[in-house]
Amino acid sequence: MNNFFLYSLCGIGASMALSCSKGDITDEERPNVILIYTDDVGYGDVAVYGGKIPTPNIDRIAQEGIRFTNAYATSATSTPSRFSLLTGEYAWREEGRGVVQGDAPSLISTDRDTWPKMMQRAGYATSVVGKWHLGLGGEDGPDWNGKIFPGPLETGFDYSYIIPATNDRVPTVYVKNHYVENLDEDDPIKVSFDFNKGPIGDRPTGIDNPEKLKMMWSHGHNHTITNGISRIGYMKGGESALWRDEDIADNLVDKSVDFITNHKDEPFFLYFSTIDIHVPRIVHERFQGITSYGPRGDMMVQLDWSVGALLDVLEKYGLRDNTIVIFTSDNGPVLDDGYVDYAREMLGEHKPWGDFRGGKYSAFEAGTKVPFLVSWPNGIEKNRVNNALFSQVDFFASFASFLDEEYSVDDAIDSKNHWDALMGIDLYGRYSLVQHAIRDELSYIRNDGFKFIPSNDGPEIVPWGTHIETGFSKKDQLYDLKSDPGETNNISKRYPDLLDELRMELEDKLK
């Protein structure tokens, strides 16, 4: 867009101190918002970040807006990142917010404020489509055969069409609003994660019936088989409601396109939460073998197709110019995460972690430094790069500031307004952020590039077969990320005063 329109829209002068708010724009000018939240996509998985797998549609977002080089998810695992994203609070502040099983109760209480609730108050139609993984139901978990309450609707979404947990966990069904889709009441669902008691029902398991599998498990994912894939957990019933993994991406895109179509004449907020490129990496037949990188590479192409489908529907209805599109990931990459799909063997020259160390689960940079692209043709100049430090926990406060909406700062305790960074005006961003890895271990990153990982007694390698360094050590670690992005040189002994300074700052954040 041209700068004149940008300045006129937001009422600024030549100072470039842009900070649009709802009071500055009419309802017709208020932008739609689509957050494309991907699963296990690493910093180096996207072509515009140096990835070898072609991602032309994802790259379009960068070409039409901003590519961030210093943006982070709050955790190196899924559930905590998603909790922080929607609530504005670091998940580690309370126990029980780690990766949850498929029958976990809702982690987000109905009485707390959230980013989607704030968007509702601002006049947006809101929707979540895709992976949820934040628990469902009351203290006893979800009633799969009745009304599933509370859930996404109570979190602030007008419409939800979700995978309850992950595509590698039971139950392997969709939940539409409060109910399992296509459930036959004469074939009720039951799930169990009591691995000591063993299987329920008569469905085969991966550990006992490997001959029935279309993709072999490597570790952990050897319980109930559905659609030729063994999962985490046991399940019986719900035959008519089971998904076919090959169709998940198409189905989620269709539901998202329907939502956009139904709300094209009013502001909308779509949280499009893909299962790509999470295991099991089973893509639609038209994408199978499309790359030389195996199922993981094929699934990255399928993800890119999904992104293109959303961009195309925006173009179809003339909505693209006034829609903010954000593309990012819940944590860093992992290759072997439970299935034999030859992700490591077929990696070639592709580096999912980019120039960083670690990956999913890790305290090292590749655990939480993720691709982060933002475009808004009516409000952001094209082809820009921003090195500002940004955390996904700040979406809540940033959008509230832009829309001039009040919100509960007691609930969103960690969310800060960094709207100007999102818009590419502020090139500095946060002063610091706290990062979360497995075992609830924390690290601290400051804007000047110094990173502190406190000593702990954790294992050096993720213990369940991923071949990923945890970043844990019995010694304190201090890195200068600006000169050493690969975290190869621990400078804690050289700069003890700086180490103590960061330690005190981290301790202050924990209060």
# chains A, B, ... in the order shown; residues from 1 in each chain; ligands from 1

$ residues_around --residues "stretch 326-329 of chain A" --least-positions-apart "2" --cutoff "6 Å" --atoms "only C-alpha atoms" --output "JSON, numbers by chain"
{"A": [35, 36, 37, 38, 39, 41, 331, 370, 371, 372, 373, 374]}

$ select_by_dssp --residues "stretch 152-335 of chain A" --states "strand (DSSP E or B)" --output "number ranges by chain"
A: 159-163, 169, 173, 175-176, 179-180, 190-192, 205, 217, 224-226, 229-230, 232, 234-236, 242, 268-273, 323-329

$ closest_atom_pairs --of "stretch 404-485 of chain A" --to "stretch 500-503 of chain A" --cutoff "10 Å" --atoms "only C-alpha atoms" --output "CSV"
residue,atom,partner,partner_atom,distance
A:Ser443,CA,A:Arg503,CA,9.6
A:Tyr444,CA,A:Leu502,CA,7.4
A:Ile445,CA,A:Leu502,CA,8.6
A:Arg446,CA,A:Leu502,CA,8.3
A:Phe450,CA,A:Leu502,CA,8.4
A:Lys451,CA,A:Leu502,CA,8.0
A:Phe452,CA,A:Leu502,CA,6.6
A:Ile453,CA,A:Arg503,CA,9.0
A:Pro454,CA,A:Arg503,CA,7.8
A:Asp476,CA,A:Arg503,CA,9.7
A:Leu478,CA,A:Leu502,CA,9.0

$ atom_distance --atom1 "atom CA of A:Ile225" --atom2 "atom CA of A:Phe83"
29.0 Å

$ atom_distance --atom1 "atom CA of A:Arg97" --atom2 "atom CA of A:Thr79"
6.9 Å

$ closest_residue --among "A:Ser492, A:Ala47, A:Pro54, A:Leu433" --to "A:Glu505" --atoms "only C-alpha atoms"
A:Leu433

$ closest_residue --among "A:Ile34, A:Ile148, A:Ile207, A:Val301" --to "A:Gly51" --atoms "only C-alpha atoms"
A:Val301

$ select_by_dssp --residues "stretch 177-422 of chain A" --states "helix (DSSP H, G or I)" --output "ChimeraX atom specification"
/A:210-212,239-241,245-262,285-287,294-316,320-322,365-367,392-402,419-422

$ closest_atom_pairs --of "stretch 230-271 of chain A" --to "stretch 176-192 of chain A" --cutoff "7 Å" --atoms "only C-alpha atoms" --output "Markdown table"
| residue | atom | partner | partner_atom | distance |
| --- | --- | --- | --- | --- |
| A:Gly233 | CA | A:Ser192 | CA | 6.0 |
| A:Tyr234 | CA | A:Ser192 | CA | 5.1 |
| A:Met235 | CA | A:Val191 | CA | 4.4 |
| A:Lys236 | CA | A:Lys190 | CA | 5.4 |
| A:Gly237 | CA | A:Ile189 | CA | 4.5 |
| A:Gly238 | CA | A:Ile189 | CA | 5.0 |
| A:Ser240 | CA | A:Leu183 | CA | 6.0 |
| A:Ala241 | CA | A:Asn182 | CA | 4.9 |

$ residues_around --residues "A:Trp132" --least-positions-apart "4" --cutoff "10 Å" --atoms "only C-alpha atoms" --output "PyMOL selection string"
chain A and resi 78-79+82-83+128+136+151-152+160-166+175+273-275

$ write_last_selection --atoms "C-alpha atoms" --output "PDB file, in the first residue's frame"
ATOM      1  CA  SER A  78       2.248 -27.412  22.074  1.00  0.00           C
ATOM      2  CA  THR A  79      -0.220 -27.034  24.933  1.00  0.00           C
ATOM      3  CA  ARG A  82      -1.439 -22.415  22.885  1.00  0.00           C
ATOM      4  CA  PHE A  83      -2.478 -21.543  26.418  1.00  0.00           C
ATOM      5  CA  VAL A 128     -11.268 -21.717  15.797  1.00  0.00           C
ATOM      6  CA  LEU A 136     -12.281 -29.995  27.184  1.00  0.00           C
ATOM      7  CA  GLY A 151     -14.609 -25.717  25.438  1.00  0.00           C
ATOM      8  CA  PRO A 152     -13.686 -23.245  22.703  1.00  0.00           C
ATOM      9  CA  SER A 160     -15.401 -24.111  16.643  1.00  0.00           C
ATOM     10  CA  TYR A 161     -14.498 -27.141  14.591  1.00  0.00           C
ATOM     11  CA  ILE A 162     -11.645 -28.878  16.301  1.00  0.00           C
ATOM     12  CA  ILE A 163      -9.441 -31.882  16.715  1.00  0.00           C
ATOM     13  CA  PRO A 164      -9.776 -32.320  20.487  1.00  0.00           C
ATOM     14  CA  ALA A 165      -6.085 -32.852  21.233  1.00  0.00           C
ATOM     15  CA  THR A 166      -3.623 -33.954  18.551  1.00  0.00           C
ATOM     16  CA  VAL A 175     -15.806 -31.843  17.677  1.00  0.00           C
ATOM     17  CA  SER A 273      -4.805 -24.183  13.857  1.00  0.00           C
ATOM     18  CA  THR A 274      -3.357 -26.734  11.464  1.00  0.00           C
ATOM     19  CA  ILE A 275      -2.192 -30.263  12.312  1.00  0.00           C
TER      20      ILE A 275
END

$ closest_residue --among "A:Gly358, A:Pro150, A:Gly141, A:Gly220" --to "A:Ile232" --atoms "only C-alpha atoms"
A:Gly220

$ closest_residue --among "A:Glu460, A:Asp113, A:Asp404, A:Glu64" --to "A:Leu86" --atoms "only C-alpha atoms"
A:Asp113

$ residues_around --residues "A:Gly50" --least-positions-apart "4" --cutoff "9 Å" --atoms "only C-alpha atoms" --output "PyMOL selection string"
chain A and resi 43-46+350-351+354

$ residues_around --residues "A:Ser218" --least-positions-apart "3" --cutoff "8 Å" --atoms "only C-alpha atoms" --output "VMD selection string"
chain A and resid 221 336 to 340

$ write_last_selection --atoms "C-alpha atoms" --output "compact mmCIF listing (two decimals), in the first residue's frame"
# COMPACT_ATOMS: atom_id res chain seq x y z
CA HIS A 221 2.51 -44.37 19.56
CA ASP A 336 11.28 -38.69 14.52
CA ASP A 337 8.47 -38.01 16.98
CA GLY A 338 6.88 -41.44 17.19
CA TYR A 339 6.47 -42.85 13.68
CA VAL A 340 8.80 -44.35 11.10

$ residues_around --residues "stretch 423-428 of chain A" --least-positions-apart "3" --cutoff "9 Å" --atoms "only C-alpha atoms" --output "VMD selection string"
chain A and resid 16 to 19 65 to 66 374 to 376 379 to 381 384 to 390 418 to 420 431 447

$ write_last_selection --atoms "C-alpha atoms" --output "short mmCIF file (atom, residue, chain, number, x, y, z; two decimals), in the first residue's frame"
data_model
loop_
_atom_site.label_atom_id
_atom_site.label_comp_id
_atom_site.auth_asym_id
_atom_site.auth_seq_id
_atom_site.Cartn_x
_atom_site.Cartn_y
_atom_site.Cartn_z
CA MET A 16 6.25 7.40 11.72
CA ALA A 17 5.03 6.74 15.28
CA LEU A 18 2.13 4.65 14.07
CA SER A 19 -0.37 3.20 16.52
CA GLY A 65 4.28 -7.81 4.65
CA ILE A 66 6.94 -8.46 7.27
CA VAL A 374 2.61 -10.71 9.23
CA SER A 375 0.87 -9.02 6.32
CA TRP A 376 -1.86 -6.40 6.04
CA GLY A 379 -1.54 -1.19 6.94
CA ILE A 380 1.90 -2.68 6.33
CA GLU A 381 4.45 -2.00 3.62
CA ARG A 384 10.02 -5.82 5.09
CA VAL A 385 12.20 -7.52 7.69
CA ASN A 386 11.86 -6.78 11.41
CA ASN A 387 14.43 -7.91 13.99
CA ALA A 388 12.28 -6.79 16.94
CA LEU A 389 12.01 -9.22 19.86
CA PHE A 390 8.40 -10.46 19.90
CA HIS A 418 3.78 -4.42 21.07
CA TRP A 419 1.44 -3.45 18.27
CA ASP A 420 4.03 -1.16 16.72
CA TYR A 431 13.02 -5.95 26.58
CA ASN A 447 16.81 -7.87 23.66
#

$ atom_distance --atom1 "atom CA of A:Trp144" --atom2 "atom CA of A:Ser127"
21.1 Å

$ residues_around --residues "A:Thr466" --least-positions-apart "3" --cutoff "10 Å" --atoms "only C-alpha atoms" --output "PDB file with N, CA and C atoms, in the first residue's frame"
ATOM      1  N   SER A 218       7.516 -45.744  16.007  1.00  0.00           N
ATOM      2  CA  SER A 218       8.910 -45.884  16.428  1.00  0.00           C
ATOM      3  C   SER A 218       9.035 -45.871  17.944  1.00  0.00           C
ATOM      4  N   HIS A 219       8.244 -45.050  18.612  1.00  0.00           N
ATOM      5  CA  HIS A 219       8.236 -45.056  20.073  1.00  0.00           C
ATOM      6  C   HIS A 219       6.923 -44.443  20.556  1.00  0.00           C
ATOM      7  N   VAL A 334      10.723 -31.155  14.909  1.00  0.00           N
ATOM      8  CA  VAL A 334      11.132 -32.481  15.365  1.00  0.00           C
ATOM      9  C   VAL A 334      11.062 -33.400  14.154  1.00  0.00           C
ATOM     10  N   LEU A 335      11.978 -34.344  14.068  1.00  0.00           N
ATOM     11  CA  LEU A 335      11.975 -35.285  12.951  1.00  0.00           C
ATOM     12  C   LEU A 335      11.256 -36.559  13.371  1.00  0.00           C
ATOM     13  N   ASP A 336      11.943 -37.487  14.030  1.00  0.00           N
ATOM     14  CA  ASP A 336      11.280 -38.691  14.524  1.00  0.00           C
ATOM     15  C   ASP A 336      10.566 -38.364  15.824  1.00  0.00           C
ATOM     16  N   ASP A 337       9.248 -38.299  15.773  1.00  0.00           N
ATOM     17  CA  ASP A 337       8.471 -38.015  16.978  1.00  0.00           C
ATOM     18  C   ASP A 337       7.429 -39.093  17.224  1.00  0.00           C
ATOM     19  N   GLY A 338       7.758 -40.332  16.840  1.00  0.00           N
ATOM     20  CA  GLY A 338       6.879 -41.438  17.193  1.00  0.00           C
ATOM     21  C   GLY A 338       6.490 -42.366  16.071  1.00  0.00           C
ATOM     22  N   ARG A 344      14.288 -38.099   9.145  1.00  0.00           N
ATOM     23  CA  ARG A 344      15.718 -37.845   9.302  1.00  0.00           C
ATOM     24  C   ARG A 344      16.499 -38.348   8.092  1.00  0.00           C
ATOM     25  N   GLY A 359      15.570 -28.089  19.149  1.00  0.00           N
ATOM     26  CA  GLY A 359      14.345 -28.317  18.400  1.00  0.00           C
ATOM     27  C   GLY A 359      13.183 -28.391  19.367  1.00  0.00           C
ATOM     28  N   LYS A 360      12.098 -28.984  18.951  1.00  0.00           N
ATOM     29  CA  LYS A 360      10.949 -29.160  19.825  1.00  0.00           C
ATOM     30  C   LYS A 360      11.407 -29.767  21.154  1.00  0.00           C
ATOM     31  N   TYR A 361      10.802 -29.323  22.243  1.00  0.00           N
ATOM     32  CA  TYR A 361      11.085 -29.766  23.614  1.00  0.00           C
ATOM     33  C   TYR A 361      12.284 -29.072  24.241  1.00  0.00           C
ATOM     34  N   ILE A 461      19.818 -35.107  26.317  1.00  0.00           N
ATOM     35  CA  ILE A 461      19.073 -35.444  25.112  1.00  0.00           C
ATOM     36  C   ILE A 461      17.632 -35.769  25.496  1.00  0.00           C
ATOM     37  N   VAL A 462      16.666 -35.302  24.707  1.00  0.00           N
ATOM     38  CA  VAL A 462      15.262 -35.654  24.949  1.00  0.00           C
ATOM     39  C   VAL A 462      15.167 -37.183  25.028  1.00  0.00           C
ATOM     40  N   PRO A 463      14.627 -37.720  26.109  1.00  0.00           N
ATOM     41  CA  PRO A 463      14.796 -39.151  26.396  1.00  0.00           C
ATOM     42  C   PRO A 463      13.916 -40.114  25.614  1.00  0.00           C
ATOM     43  N   GLU A 469      18.778 -32.219  21.382  1.00  0.00           N
ATOM     44  CA  GLU A 469      19.412 -31.718  22.594  1.00  0.00           C
ATOM     45  C   GLU A 469      18.404 -30.912  23.418  1.00  0.00           C
TER      46      GLU A 469
END

$ closest_residue --among "A:Leu498, A:Ala309, A:Met504, A:Met300" --to "A:Asp258" --atoms "only C-alpha atoms"
A:Ala309

$ decode --residues "stretch 284-332 of chain A" --atoms "N, CA and C atoms" --output "compact mmCIF listing (two decimals), in the first residue's frame"
# COMPACT_ATOMS: atom_id res chain seq x y z
N HIS A 284 -2.87 -36.07 2.12
CA HIS A 284 -3.81 -36.48 1.08
C HIS A 284 -3.05 -37.12 -0.07
N GLU A 285 -3.73 -38.02 -0.78
CA GLU A 285 -3.08 -38.77 -1.86
C GLU A 285 -2.44 -37.86 -2.91
N ARG A 286 -3.02 -36.69 -3.14
CA ARG A 286 -2.46 -35.82 -4.19
C ARG A 286 -1.13 -35.20 -3.78
N PHE A 287 -0.78 -35.27 -2.49
CA PHE A 287 0.50 -34.74 -2.04
C PHE A 287 1.52 -35.84 -1.73
N GLN A 288 1.10 -37.07 -1.74
CA GLN A 288 2.01 -38.15 -1.38
C GLN A 288 3.11 -38.30 -2.42
N GLY A 289 4.36 -38.20 -1.98
CA GLY A 289 5.51 -38.32 -2.87
C GLY A 289 5.81 -37.07 -3.67
N ILE A 290 5.20 -35.95 -3.32
CA ILE A 290 5.36 -34.74 -4.13
C ILE A 290 6.73 -34.11 -3.93
N THR A 291 7.44 -34.46 -2.84
CA THR A 291 8.79 -33.96 -2.61
C THR A 291 9.75 -35.14 -2.47
N SER A 292 11.02 -34.82 -2.38
CA SER A 292 12.05 -35.84 -2.15
C SER A 292 12.40 -35.95 -0.68
N TYR A 293 11.60 -35.31 0.18
CA TYR A 293 11.91 -35.25 1.61
C TYR A 293 11.03 -36.18 2.44
N GLY A 294 10.29 -37.06 1.80
CA GLY A 294 9.45 -37.99 2.53
C GLY A 294 8.16 -37.36 3.01
N PRO A 295 7.41 -38.07 3.87
CA PRO A 295 6.12 -37.56 4.34
C PRO A 295 6.20 -36.20 5.02
N ARG A 296 7.31 -35.92 5.72
CA ARG A 296 7.41 -34.61 6.37
C ARG A 296 7.47 -33.49 5.34
N GLY A 297 8.26 -33.69 4.29
CA GLY A 297 8.31 -32.70 3.23
C GLY A 297 7.00 -32.58 2.49
N ASP A 298 6.35 -33.73 2.24
CA ASP A 298 5.05 -33.70 1.57
C ASP A 298 4.03 -32.93 2.39
N MET A 299 4.09 -33.11 3.73
CA MET A 299 3.14 -32.43 4.59
C MET A 299 3.39 -30.93 4.63
N MET A 300 4.64 -30.53 4.46
CA MET A 300 4.95 -29.10 4.40
C MET A 300 4.33 -28.49 3.15
N VAL A 301 4.34 -29.22 2.05
CA VAL A 301 3.71 -28.74 0.82
C VAL A 301 2.19 -28.68 1.01
N GLN A 302 1.63 -29.68 1.70
CA GLN A 302 0.19 -29.66 1.99
C GLN A 302 -0.17 -28.45 2.85
N LEU A 303 0.67 -28.14 3.83
CA LEU A 303 0.45 -26.95 4.66
C LEU A 303 0.46 -25.70 3.79
N ASP A 304 1.42 -25.61 2.89
CA ASP A 304 1.51 -24.44 2.02
C ASP A 304 0.26 -24.32 1.16
N TRP A 305 -0.26 -25.47 0.69
CA TRP A 305 -1.51 -25.44 -0.07
C TRP A 305 -2.65 -24.88 0.77
N SER A 306 -2.72 -25.29 2.04
CA SER A 306 -3.78 -24.80 2.93
C SER A 306 -3.71 -23.28 3.07
N VAL A 307 -2.51 -22.78 3.26
CA VAL A 307 -2.33 -21.33 3.38
C VAL A 307 -2.79 -20.65 2.10
N GLY A 308 -2.42 -21.21 0.96
CA GLY A 308 -2.84 -20.63 -0.32
C GLY A 308 -4.34 -20.61 -0.49
N ALA A 309 -5.02 -21.66 0.00
CA ALA A 309 -6.48 -21.71 -0.11
C ALA A 309 -7.14 -20.57 0.66
N LEU A 310 -6.59 -20.24 1.84
CA LEU A 310 -7.16 -19.13 2.62
C LEU A 310 -6.87 -17.80 1.95
N LEU A 311 -5.65 -17.63 1.45
CA LEU A 311 -5.35 -16.38 0.75
C LEU A 311 -6.21 -16.21 -0.49
N ASP A 312 -6.46 -17.30 -1.17
CA ASP A 312 -7.27 -17.22 -2.39
C ASP A 312 -8.71 -16.83 -2.10
N VAL A 313 -9.29 -17.35 -1.02
CA VAL A 313 -10.68 -16.99 -0.72
C VAL A 313 -10.77 -15.53 -0.29
N LEU A 314 -9.73 -15.02 0.35
CA LEU A 314 -9.71 -13.59 0.67
C LEU A 314 -9.70 -12.76 -0.61
N GLU A 315 -8.88 -13.18 -1.57
CA GLU A 315 -8.84 -12.49 -2.86
C GLU A 315 -10.19 -12.57 -3.57
N LYS A 316 -10.81 -13.73 -3.51
CA LYS A 316 -12.09 -13.94 -4.19
C LYS A 316 -13.14 -12.93 -3.75
N TYR A 317 -13.17 -12.65 -2.45
CA TYR A 317 -14.19 -11.75 -1.92
C TYR A 317 -13.69 -10.32 -1.73
N GLY A 318 -12.50 -10.02 -2.23
CA GLY A 318 -11.97 -8.67 -2.11
C GLY A 318 -11.61 -8.29 -0.69
N LEU A 319 -11.21 -9.28 0.12
CA LEU A 319 -10.92 -9.06 1.53
C LEU A 319 -9.43 -9.00 1.85
N ARG A 320 -8.60 -9.34 0.87
CA ARG A 320 -7.17 -9.51 1.19
C ARG A 320 -6.54 -8.23 1.69
N ASP A 321 -6.85 -7.08 1.07
CA ASP A 321 -6.18 -5.84 1.44
C ASP A 321 -6.43 -5.46 2.89
N ASN A 322 -7.62 -5.78 3.39
CA ASN A 322 -7.95 -5.38 4.76
C ASN A 322 -8.04 -6.58 5.70
N THR A 323 -7.19 -7.55 5.49
CA THR A 323 -7.09 -8.69 6.40
C THR A 323 -5.66 -8.83 6.89
N ILE A 324 -5.50 -8.84 8.19
CA ILE A 324 -4.20 -9.13 8.80
C ILE A 324 -4.03 -10.64 8.80
N VAL A 325 -3.01 -11.14 8.16
CA VAL A 325 -2.70 -12.56 8.14
C VAL A 325 -1.39 -12.78 8.88
N ILE A 326 -1.43 -13.64 9.88
CA ILE A 326 -0.24 -13.96 10.67
C ILE A 326 0.05 -15.44 10.49
N PHE A 327 1.28 -15.76 10.18
CA PHE A 327 1.72 -17.15 10.06
C PHE A 327 2.82 -17.40 11.06
N THR A 328 2.64 -18.42 11.91
CA THR A 328 3.68 -18.77 12.87
C THR A 328 3.47 -20.21 13.34
N SER A 329 4.27 -20.65 14.32
CA SER A 329 4.25 -22.04 14.76
C SER A 329 4.20 -22.11 16.28
N ASP A 330 3.74 -23.25 16.79
CA ASP A 330 3.60 -23.40 18.24
C ASP A 330 4.90 -23.76 18.94
N ASN A 331 5.85 -24.29 18.22
CA ASN A 331 7.18 -24.64 18.75
C ASN A 331 8.07 -25.03 17.59
N GLY A 332 9.29 -25.43 17.93
CA GLY A 332 10.24 -25.76 16.89
C GLY A 332 10.06 -27.14 16.30
